Amino acid sequence: MPIICRFRGIRIYINYSEHLPPHFHAQYGEYECAVTIENIELLTGSMPNKQLKMLLGWTALHQEELNEEWYLAQHKQELFPIEPLK
């Protein structure tokens, strides 16, 4: 699970050979969730409201990069870091 970004206690990663739809995983303390890249929606899990809002905003800002990361992960290529939310 390569971590592609960290900000404000949230770790974001994409697994290699994941199932559809394209998504990424996020961890914040004891909370874990998956967020779809295309629709920017919570797919599974949970996250505190404040952190979820930050995560969804970050996703909107980096949607194109996340799609590229998804493609790379599906082809088992090296992933690159994405700029954190400031």
# chains A, B, ... in the order shown; residues from 1 in each chain; ligands from 1
call {"tool": "select_by_dssp", "arguments": {"residues": "chain A", "states": "strand (DSSP E)", "output": "PyMOL selection string"}}
result
chain A and resi 3-7+10-13+23-28+31-36+42-45
call {"tool": "write_last_selection", "arguments": {"atoms": "N, CA and C atoms", "output": "PDB file, in the first residue's frame"}}
result
ATOM      1  N   ILE A   3       1.852   4.876   0.196  1.00  0.00           N
ATOM      2  CA  ILE A   3       1.232   6.122   0.640  1.00  0.00           C
ATOM      3  C   ILE A   3       1.579   7.201  -0.379  1.00  0.00           C
ATOM      4  N   ILE A   4       0.553   7.875  -0.901  1.00  0.00           N
ATOM      5  CA  ILE A   4       0.783   8.894  -1.916  1.00  0.00           C
ATOM      6  C   ILE A   4       0.664  10.304  -1.358  1.00  0.00           C
ATOM      7  N   CYS A   5       0.106  10.436  -0.139  1.00  0.00           N
ATOM      8  CA  CYS A   5      -0.016  11.769   0.457  1.00  0.00           C
ATOM      9  C   CYS A   5      -0.320  11.634   1.949  1.00  0.00           C
ATOM     10  N   ARG A   6       0.129  12.624   2.709  1.00  0.00           N
ATOM     11  CA  ARG A   6      -0.177  12.750   4.136  1.00  0.00           C
ATOM     12  C   ARG A   6      -0.446  14.216   4.429  1.00  0.00           C
ATOM     13  N   PHE A   7      -1.527  14.470   5.136  1.00  0.00           N
ATOM     14  CA  PHE A   7      -1.782  15.829   5.609  1.00  0.00           C
ATOM     15  C   PHE A   7      -2.753  15.786   6.783  1.00  0.00           C
ATOM     16  N   ILE A  10      -4.023  12.582   8.126  1.00  0.00           N
ATOM     17  CA  ILE A  10      -4.663  11.671   7.178  1.00  0.00           C
ATOM     18  C   ILE A  10      -3.598  11.068   6.266  1.00  0.00           C
ATOM     19  N   ARG A  11      -3.625   9.740   6.129  1.00  0.00           N
ATOM     20  CA  ARG A  11      -2.732   9.036   5.206  1.00  0.00           C
ATOM     21  C   ARG A  11      -3.564   8.540   4.035  1.00  0.00           C
ATOM     22  N   ILE A  12      -3.082   8.768   2.818  1.00  0.00           N
ATOM     23  CA  ILE A  12      -3.813   8.390   1.618  1.00  0.00           C
ATOM     24  C   ILE A  12      -2.966   7.409   0.815  1.00  0.00           C
ATOM     25  N   TYR A  13      -3.591   6.321   0.399  1.00  0.00           N
ATOM     26  CA  TYR A  13      -2.854   5.314  -0.353  1.00  0.00           C
ATOM     27  C   TYR A  13      -3.755   4.630  -1.377  1.00  0.00           C
ATOM     28  N   HIS A  23     -10.611   4.125  -6.972  1.00  0.00           N
ATOM     29  CA  HIS A  23     -10.748   4.737  -5.652  1.00  0.00           C
ATOM     30  C   HIS A  23      -9.399   4.737  -4.939  1.00  0.00           C
ATOM     31  N   PHE A  24      -9.362   5.424  -3.814  1.00  0.00           N
ATOM     32  CA  PHE A  24      -8.184   5.386  -2.948  1.00  0.00           C
ATOM     33  C   PHE A  24      -8.661   5.164  -1.528  1.00  0.00           C
ATOM     34  N   HIS A  25      -7.732   4.846  -0.661  1.00  0.00           N
ATOM     35  CA  HIS A  25      -8.028   4.602   0.744  1.00  0.00           C
ATOM     36  C   HIS A  25      -7.429   5.726   1.586  1.00  0.00           C
ATOM     37  N   ALA A  26      -8.069   6.010   2.691  1.00  0.00           N
ATOM     38  CA  ALA A  26      -7.567   7.024   3.618  1.00  0.00           C
ATOM     39  C   ALA A  26      -7.696   6.501   5.047  1.00  0.00           C
ATOM     40  N   GLN A  27      -6.738   6.868   5.871  1.00  0.00           N
ATOM     41  CA  GLN A  27      -6.716   6.490   7.271  1.00  0.00           C
ATOM     42  C   GLN A  27      -6.524   7.726   8.119  1.00  0.00           C
ATOM     43  N   TYR A  28      -7.282   7.806   9.188  1.00  0.00           N
ATOM     44  CA  TYR A  28      -7.130   8.893  10.160  1.00  0.00           C
ATOM     45  C   TYR A  28      -7.368   8.279  11.531  1.00  0.00           C
ATOM     46  N   TYR A  31      -9.975   5.498  12.112  1.00  0.00           N
ATOM     47  CA  TYR A  31     -10.930   5.541  11.002  1.00  0.00           C
ATOM     48  C   TYR A  31     -10.254   5.176   9.688  1.00  0.00           C
ATOM     49  N   GLU A  32     -10.993   4.453   8.853  1.00  0.00           N
ATOM     50  CA  GLU A  32     -10.527   4.112   7.511  1.00  0.00           C
ATOM     51  C   GLU A  32     -11.693   4.233   6.555  1.00  0.00           C
ATOM     52  N   CYS A  33     -11.398   4.675   5.343  1.00  0.00           N
ATOM     53  CA  CYS A  33     -12.448   4.767   4.332  1.00  0.00           C
ATOM     54  C   CYS A  33     -11.839   4.637   2.951  1.00  0.00           C
ATOM     55  N   ALA A  34     -12.717   4.459   1.963  1.00  0.00           N
ATOM     56  CA  ALA A  34     -12.336   4.478   0.562  1.00  0.00           C
ATOM     57  C   ALA A  34     -13.203   5.529  -0.119  1.00  0.00           C
ATOM     58  N   VAL A  35     -12.592   6.287  -1.034  1.00  0.00           N
ATOM     59  CA  VAL A  35     -13.278   7.374  -1.731  1.00  0.00           C
ATOM     60  C   VAL A  35     -13.141   7.141  -3.234  1.00  0.00           C
ATOM     61  N   THR A  36     -14.255   7.265  -3.958  1.00  0.00           N
ATOM     62  CA  THR A  36     -14.198   7.113  -5.406  1.00  0.00           C
ATOM     63  C   THR A  36     -13.524   8.341  -6.012  1.00  0.00           C
ATOM     64  N   LEU A  42     -17.835   8.849  -0.761  1.00  0.00           N
ATOM     65  CA  LEU A  42     -17.418   7.827   0.180  1.00  0.00           C
ATOM     66  C   LEU A  42     -17.894   6.477  -0.339  1.00  0.00           C
ATOM     67  N   LEU A  43     -16.981   5.555  -0.532  1.00  0.00           N
ATOM     68  CA  LEU A  43     -17.305   4.229  -1.061  1.00  0.00           C
ATOM     69  C   LEU A  43     -17.552   3.245   0.087  1.00  0.00           C
ATOM     70  N   THR A  44     -16.621   3.203   1.029  1.00  0.00           N
ATOM     71  CA  THR A  44     -16.754   2.328   2.197  1.00  0.00           C
ATOM     72  C   THR A  44     -16.121   3.008   3.394  1.00  0.00           C
ATOM     73  N   GLY A  45     -16.437   2.526   4.577  1.00  0.00           N
ATOM     74  CA  GLY A  45     -15.813   2.994   5.796  1.00  0.00           C
ATOM     75  C   GLY A  45     -16.392   4.296   6.312  1.00  0.00           C
TER      76      GLY A  45
END
call {"tool": "residues_around", "arguments": {"residues": "Asn15 (chain A)", "least_positions_apart": "3", "cutoff": "9 Å", "atoms": "only C-alpha atoms", "output": "number ranges by chain"}}
result
A: 1-2, 18, 24-25, 70, 73-74
call {"tool": "write_last_selection", "arguments": {"atoms": "N, CA and C atoms", "output": "PDB file, in the first residue's frame"}}
result
ATOM      1  N   MET A   1       0.830  -1.184   0.000  1.00  0.00           N
ATOM      2  CA  MET A   1       0.000   0.000   0.000  1.00  0.00           C
ATOM      3  C   MET A   1       0.876   1.251   0.000  1.00  0.00           C
ATOM      4  N   PRO A   2       1.261   1.706  -1.147  1.00  0.00           N
ATOM      5  CA  PRO A   2       2.087   2.913  -1.192  1.00  0.00           C
ATOM      6  C   PRO A   2       1.299   4.153  -0.762  1.00  0.00           C
ATOM      7  N   GLU A  18      -6.387  -3.207  -7.497  1.00  0.00           N
ATOM      8  CA  GLU A  18      -7.643  -2.997  -6.771  1.00  0.00           C
ATOM      9  C   GLU A  18      -8.837  -3.274  -7.666  1.00  0.00           C
ATOM     10  N   PHE A  24      -9.362   5.424  -3.814  1.00  0.00           N
ATOM     11  CA  PHE A  24      -8.184   5.386  -2.948  1.00  0.00           C
ATOM     12  C   PHE A  24      -8.661   5.164  -1.528  1.00  0.00           C
ATOM     13  N   HIS A  25      -7.732   4.846  -0.661  1.00  0.00           N
ATOM     14  CA  HIS A  25      -8.028   4.602   0.744  1.00  0.00           C
ATOM     15  C   HIS A  25      -7.429   5.726   1.586  1.00  0.00           C
ATOM     16  N   TRP A  70      -4.175   5.818 -10.191  1.00  0.00           N
ATOM     17  CA  TRP A  70      -4.968   4.596 -10.329  1.00  0.00           C
ATOM     18  C   TRP A  70      -4.464   3.777 -11.514  1.00  0.00           C
ATOM     19  N   ALA A  73      -1.115   2.199 -10.718  1.00  0.00           N
ATOM     20  CA  ALA A  73      -1.268   1.088  -9.773  1.00  0.00           C
ATOM     21  C   ALA A  73      -1.805  -0.157 -10.478  1.00  0.00           C
ATOM     22  N   GLN A  74      -2.758   0.017 -11.383  1.00  0.00           N
ATOM     23  CA  GLN A  74      -3.315  -1.115 -12.118  1.00  0.00           C
ATOM     24  C   GLN A  74      -2.271  -1.787 -13.001  1.00  0.00           C
TER      25      GLN A  74
END
call {"tool": "select_by_dssp", "arguments": {"residues": "chain A", "states": "helix (DSSP H, G or I)", "output": "PDB file with N, CA and C atoms, in the first residue's frame"}}
result
ATOM      1  N   ASN A  49     -16.422  13.946  10.282  1.00  0.00           N
ATOM      2  CA  ASN A  49     -16.955  14.907   9.324  1.00  0.00           C
ATOM      3  C   ASN A  49     -15.915  15.941   8.873  1.00  0.00           C
ATOM      4  N   LYS A  50     -15.191  16.528   9.798  1.00  0.00           N
ATOM      5  CA  LYS A  50     -14.197  17.554   9.453  1.00  0.00           C
ATOM      6  C   LYS A  50     -13.123  16.990   8.528  1.00  0.00           C
ATOM      7  N   GLN A  51     -12.596  15.824   8.858  1.00  0.00           N
ATOM      8  CA  GLN A  51     -11.547  15.199   8.046  1.00  0.00           C
ATOM      9  C   GLN A  51     -12.110  14.742   6.698  1.00  0.00           C
ATOM     10  N   LEU A  52     -13.355  14.255   6.677  1.00  0.00           N
ATOM     11  CA  LEU A  52     -13.964  13.832   5.419  1.00  0.00           C
ATOM     12  C   LEU A  52     -14.120  15.014   4.476  1.00  0.00           C
ATOM     13  N   LYS A  53     -14.544  16.162   4.993  1.00  0.00           N
ATOM     14  CA  LYS A  53     -14.678  17.356   4.155  1.00  0.00           C
ATOM     15  C   LYS A  53     -13.330  17.769   3.573  1.00  0.00           C
ATOM     16  N   MET A  54     -12.272  17.734   4.395  1.00  0.00           N
ATOM     17  CA  MET A  54     -10.934  18.058   3.894  1.00  0.00           C
ATOM     18  C   MET A  54     -10.508  17.062   2.823  1.00  0.00           C
ATOM     19  N   LEU A  55     -10.765  15.787   3.078  1.00  0.00           N
ATOM     20  CA  LEU A  55     -10.384  14.725   2.151  1.00  0.00           C
ATOM     21  C   LEU A  55     -11.103  14.876   0.813  1.00  0.00           C
ATOM     22  N   LEU A  56     -12.387  15.149   0.836  1.00  0.00           N
ATOM     23  CA  LEU A  56     -13.145  15.308  -0.401  1.00  0.00           C
ATOM     24  C   LEU A  56     -12.700  16.561  -1.161  1.00  0.00           C
ATOM     25  N   GLY A  57     -12.384  17.635  -0.443  1.00  0.00           N
ATOM     26  CA  GLY A  57     -11.861  18.844  -1.081  1.00  0.00           C
ATOM     27  C   GLY A  57     -10.516  18.592  -1.735  1.00  0.00           C
ATOM     28  N   TRP A  58      -9.639  17.873  -1.025  1.00  0.00           N
ATOM     29  CA  TRP A  58      -8.326  17.515  -1.571  1.00  0.00           C
ATOM     30  C   TRP A  58      -8.504  16.665  -2.830  1.00  0.00           C
ATOM     31  N   THR A  59      -9.451  15.731  -2.791  1.00  0.00           N
ATOM     32  CA  THR A  59      -9.712  14.868  -3.939  1.00  0.00           C
ATOM     33  C   THR A  59     -10.112  15.687  -5.157  1.00  0.00           C
ATOM     34  N   ALA A  60     -10.987  16.663  -4.970  1.00  0.00           N
ATOM     35  CA  ALA A  60     -11.425  17.515  -6.086  1.00  0.00           C
ATOM     36  C   ALA A  60     -10.247  18.271  -6.689  1.00  0.00           C
ATOM     37  N   LEU A  61      -9.344  18.725  -5.847  1.00  0.00           N
ATOM     38  CA  LEU A  61      -8.167  19.463  -6.330  1.00  0.00           C
ATOM     39  C   LEU A  61      -7.201  18.582  -7.104  1.00  0.00           C
ATOM     40  N   GLN A  63      -7.969  15.406  -8.607  1.00  0.00           N
ATOM     41  CA  GLN A  63      -8.688  14.330  -9.289  1.00  0.00           C
ATOM     42  C   GLN A  63      -7.915  13.776 -10.490  1.00  0.00           C
ATOM     43  N   GLU A  64      -7.357  14.636 -11.302  1.00  0.00           N
ATOM     44  CA  GLU A  64      -6.605  14.187 -12.478  1.00  0.00           C
ATOM     45  C   GLU A  64      -5.382  13.366 -12.057  1.00  0.00           C
ATOM     46  N   GLU A  65      -4.658  13.841 -11.062  1.00  0.00           N
ATOM     47  CA  GLU A  65      -3.481  13.109 -10.571  1.00  0.00           C
ATOM     48  C   GLU A  65      -3.887  11.752  -9.985  1.00  0.00           C
ATOM     49  N   LEU A  66      -5.007  11.730  -9.273  1.00  0.00           N
ATOM     50  CA  LEU A  66      -5.479  10.477  -8.690  1.00  0.00           C
ATOM     51  C   LEU A  66      -5.845   9.473  -9.774  1.00  0.00           C
ATOM     52  N   ASN A  67      -6.434   9.931 -10.861  1.00  0.00           N
ATOM     53  CA  ASN A  67      -6.726   9.042 -11.984  1.00  0.00           C
ATOM     54  C   ASN A  67      -5.445   8.470 -12.570  1.00  0.00           C
ATOM     55  N   GLU A  68      -4.405   9.291 -12.674  1.00  0.00           N
ATOM     56  CA  GLU A  68      -3.106   8.816 -13.159  1.00  0.00           C
ATOM     57  C   GLU A  68      -2.521   7.776 -12.205  1.00  0.00           C
ATOM     58  N   GLU A  69      -2.617   8.042 -10.916  1.00  0.00           N
ATOM     59  CA  GLU A  69      -2.120   7.101  -9.902  1.00  0.00           C
ATOM     60  C   GLU A  69      -2.851   5.761 -10.018  1.00  0.00           C
ATOM     61  N   TRP A  70      -4.175   5.818 -10.191  1.00  0.00           N
ATOM     62  CA  TRP A  70      -4.968   4.596 -10.329  1.00  0.00           C
ATOM     63  C   TRP A  70      -4.464   3.777 -11.514  1.00  0.00           C
ATOM     64  N   TYR A  71      -4.253   4.453 -12.643  1.00  0.00           N
ATOM     65  CA  TYR A  71      -3.754   3.784 -13.849  1.00  0.00           C
ATOM     66  C   TYR A  71      -2.395   3.125 -13.573  1.00  0.00           C
ATOM     67  N   LEU A  72      -1.499   3.869 -12.950  1.00  0.00           N
ATOM     68  CA  LEU A  72      -0.173   3.330 -12.641  1.00  0.00           C
ATOM     69  C   LEU A  72      -0.275   2.114 -11.723  1.00  0.00           C
ATOM     70  N   ALA A  73      -1.115   2.199 -10.718  1.00  0.00           N
ATOM     71  CA  ALA A  73      -1.268   1.088  -9.773  1.00  0.00           C
ATOM     72  C   ALA A  73      -1.805  -0.157 -10.478  1.00  0.00           C
ATOM     73  N   GLN A  74      -2.758   0.017 -11.383  1.00  0.00           N
ATOM     74  CA  GLN A  74      -3.315  -1.115 -12.118  1.00  0.00           C
ATOM     75  C   GLN A  74      -2.271  -1.787 -13.001  1.00  0.00           C
TER      76      GLN A  74
END
call {"tool": "closest_residue", "arguments": {"among": "A:His62, A:Glu30, A:Tyr16, A:Pro22", "to": "Glu78 (chain A)", "atoms": "only C-alpha atoms"}}
result
A:Tyr16
call {"tool": "atom_distance", "arguments": {"atom1": "CA of Glu83 (chain A)", "atom2": "CA of Leu20 (chain A)"}}
result
24.4 Å
call {"tool": "closest_residue", "arguments": {"among": "A:Asn39, A:Met47, A:Arg8, A:Ser17", "to": "His75 (chain A)", "atoms": "only C-alpha atoms"}}
result
A:Ser17
